[in-house]
Amino acid sequence: MVVWTESELSIINSIFSSLDYEDIGPKALCRCLIVYPWTQRYFGGFGNLYNAAAIKSNPNIAAHGIKILHGLDRAVKNMDSIKETYAELSTLHSEKLHVDPDNFTLLGNCLTIEIAAKLGDGFTAETQGTFQKFMAVVVNALGKQYH
């Protein structure tokens, strides 16, 4: 079980309460698909992913990026039981979608970059450390079914 300090809980809640999901979600997923093009193979049914411009203007990608951020809300609301919260999603990504679990880490890194860009000077070392701890717990929970 992960132990969260009051400060860490406050930081995570502060990040998510100020996020514009319709902005950050699509940007993070687009960044992931552009920087790590092999991740595109899981999005074959999402339409044109031919180049960066096509990815950035793809409404299916934007909608899924927003959906991902709303999925992270589940972790924020269940900080003491993230593994249990994502058990069903882990099974889906493992057994049905066959997603490489390393892609969760890649997406988390892209999300970190987008949040840092949005928060600017407010994205302190403490904020980054806390957010990366949060994402590590989420990634571990999503990859649980793979172990």
# chains A, B, ... in the order shown; residues from 1 in each chain; ligands from 1
$ residues_around --residues "Tyr21 of chain A" --least-positions-apart "5" --cutoff "12 Å" --atoms "only C-alpha atoms" --output "PyMOL selection string"
chain A and resi 15-16+26-29+62-73+111+114-115+118
$ residues_around --residues "Arg74 of chain A" --least-positions-apart "3" --cutoff "12 Å" --atoms "only C-alpha atoms" --output "ChimeraX atom specification"
/A:13,16,67-71,77-87,89,138
$ closest_residue --among "A:Thr105, A:Gln40, A:Ser18, A:Asn60" --to "Val137 of chain A" --atoms "only C-alpha atoms"
A:Thr105
$ select_by_dssp --residues "chain A" --states "alpha helix (DSSP H)" --output "count of residues only"
97
$ atom_distance --atom1 "atom CA of Ser14 of chain A" --atom2 "atom CA of Val139 of chain A"
20.4 Å
$ closest_atom_pairs --of "segment 2-109 of chain A" --to "segment 126-130 of chain A" --cutoff "12 Å" --atoms "only C-alpha atoms" --output "Markdown table"
| residue | atom | partner | partner_atom | distance |
| --- | --- | --- | --- | --- |
| A:Val3 | CA | A:Thr130 | CA | 11.7 |
| A:Trp4 | CA | A:Thr130 | CA | 9.3 |
| A:Thr5 | CA | A:Thr130 | CA | 9.8 |
| A:Glu6 | CA | A:Thr130 | CA | 11.2 |
| A:Ser7 | CA | A:Thr130 | CA | 8.9 |
| A:Glu8 | CA | A:Thr130 | CA | 5.8 |
| A:Leu9 | CA | A:Thr130 | CA | 8.6 |
| A:Ser10 | CA | A:Thr130 | CA | 9.8 |
| A:Ile11 | CA | A:Thr127 | CA | 6.4 |
| A:Ile12 | CA | A:Thr130 | CA | 7.2 |
| A:Asn13 | CA | A:Thr130 | CA | 10.9 |
| A:Ser14 | CA | A:Thr127 | CA | 9.8 |
| A:Ile15 | CA | A:Thr127 | CA | 8.7 |
| A:Gly108 | CA | A:Gln128 | CA | 11.9 |
| A:Asn109 | CA | A:Gln128 | CA | 10.9 |
$ write_last_selection --atoms "N, CA, C and O atoms" --output "CSV table (one decimal), in the first residue's frame"
chain,number,residue,atom,x,y,z
A,3,VAL,N,1.7,5.1,0.9
A,3,VAL,CA,1.4,6.0,1.9
A,3,VAL,C,1.5,7.4,1.3
A,3,VAL,O,2.5,7.8,0.7
A,4,TRP,N,0.4,8.2,1.5
A,4,TRP,CA,0.4,9.6,1.0
A,4,TRP,C,0.4,10.5,2.1
A,4,TRP,O,-0.3,10.4,3.1
A,5,THR,N,1.3,11.5,2.1
A,5,THR,CA,1.3,12.6,3.1
A,5,THR,C,0.1,13.6,2.8
A,5,THR,O,-0.4,13.6,1.7
A,6,GLU,N,-0.2,14.3,3.8
A,6,GLU,CA,-1.2,15.4,3.6
A,6,GLU,C,-0.8,16.4,2.5
A,6,GLU,O,-1.6,16.8,1.7
A,7,SER,N,0.5,16.7,2.4
A,7,SER,CA,1.0,17.6,1.4
A,7,SER,C,0.8,17.0,0.0
A,7,SER,O,0.4,17.7,-0.9
A,8,GLU,N,1.1,15.7,-0.1
A,8,GLU,CA,1.0,15.0,-1.4
A,8,GLU,C,-0.5,15.0,-1.9
A,8,GLU,O,-0.8,15.3,-3.0
A,9,LEU,N,-1.3,14.7,-1.0
A,9,LEU,CA,-2.8,14.6,-1.3
A,9,LEU,C,-3.2,16.0,-1.7
A,9,LEU,O,-4.0,16.2,-2.7
A,10,SER,N,-2.8,17.0,-1.0
A,10,SER,CA,-3.1,18.4,-1.4
A,10,SER,C,-2.6,18.8,-2.8
A,10,SER,O,-3.3,19.4,-3.5
A,11,ILE,N,-1.4,18.4,-3.1
A,11,ILE,CA,-0.8,18.7,-4.4
A,11,ILE,C,-1.6,18.0,-5.5
A,11,ILE,O,-1.9,18.7,-6.5
A,12,ILE,N,-1.9,16.8,-5.3
A,12,ILE,CA,-2.6,16.0,-6.4
A,12,ILE,C,-4.0,16.6,-6.6
A,12,ILE,O,-4.4,16.8,-7.7
A,13,ASN,N,-4.7,16.9,-5.5
A,13,ASN,CA,-6.0,17.5,-5.6
A,13,ASN,C,-5.9,18.9,-6.2
A,13,ASN,O,-6.8,19.2,-7.0
A,14,SER,N,-4.9,19.6,-5.9
A,14,SER,CA,-4.8,21.0,-6.5
A,14,SER,C,-4.5,20.9,-8.0
A,14,SER,O,-5.1,21.6,-8.8
A,15,ILE,N,-3.7,19.9,-8.4
A,15,ILE,CA,-3.4,19.8,-9.9
A,15,ILE,C,-4.7,19.4,-10.6
A,15,ILE,O,-5.0,20.1,-11.6
A,108,GLY,N,2.1,8.7,-19.2
A,108,GLY,CA,2.3,9.5,-18.0
A,108,GLY,C,3.4,10.5,-18.1
A,108,GLY,O,3.2,11.7,-17.6
A,109,ASN,N,4.5,10.2,-18.8
A,109,ASN,CA,5.5,11.2,-19.0
A,109,ASN,C,5.0,12.4,-19.9
A,109,ASN,O,5.3,13.5,-19.6
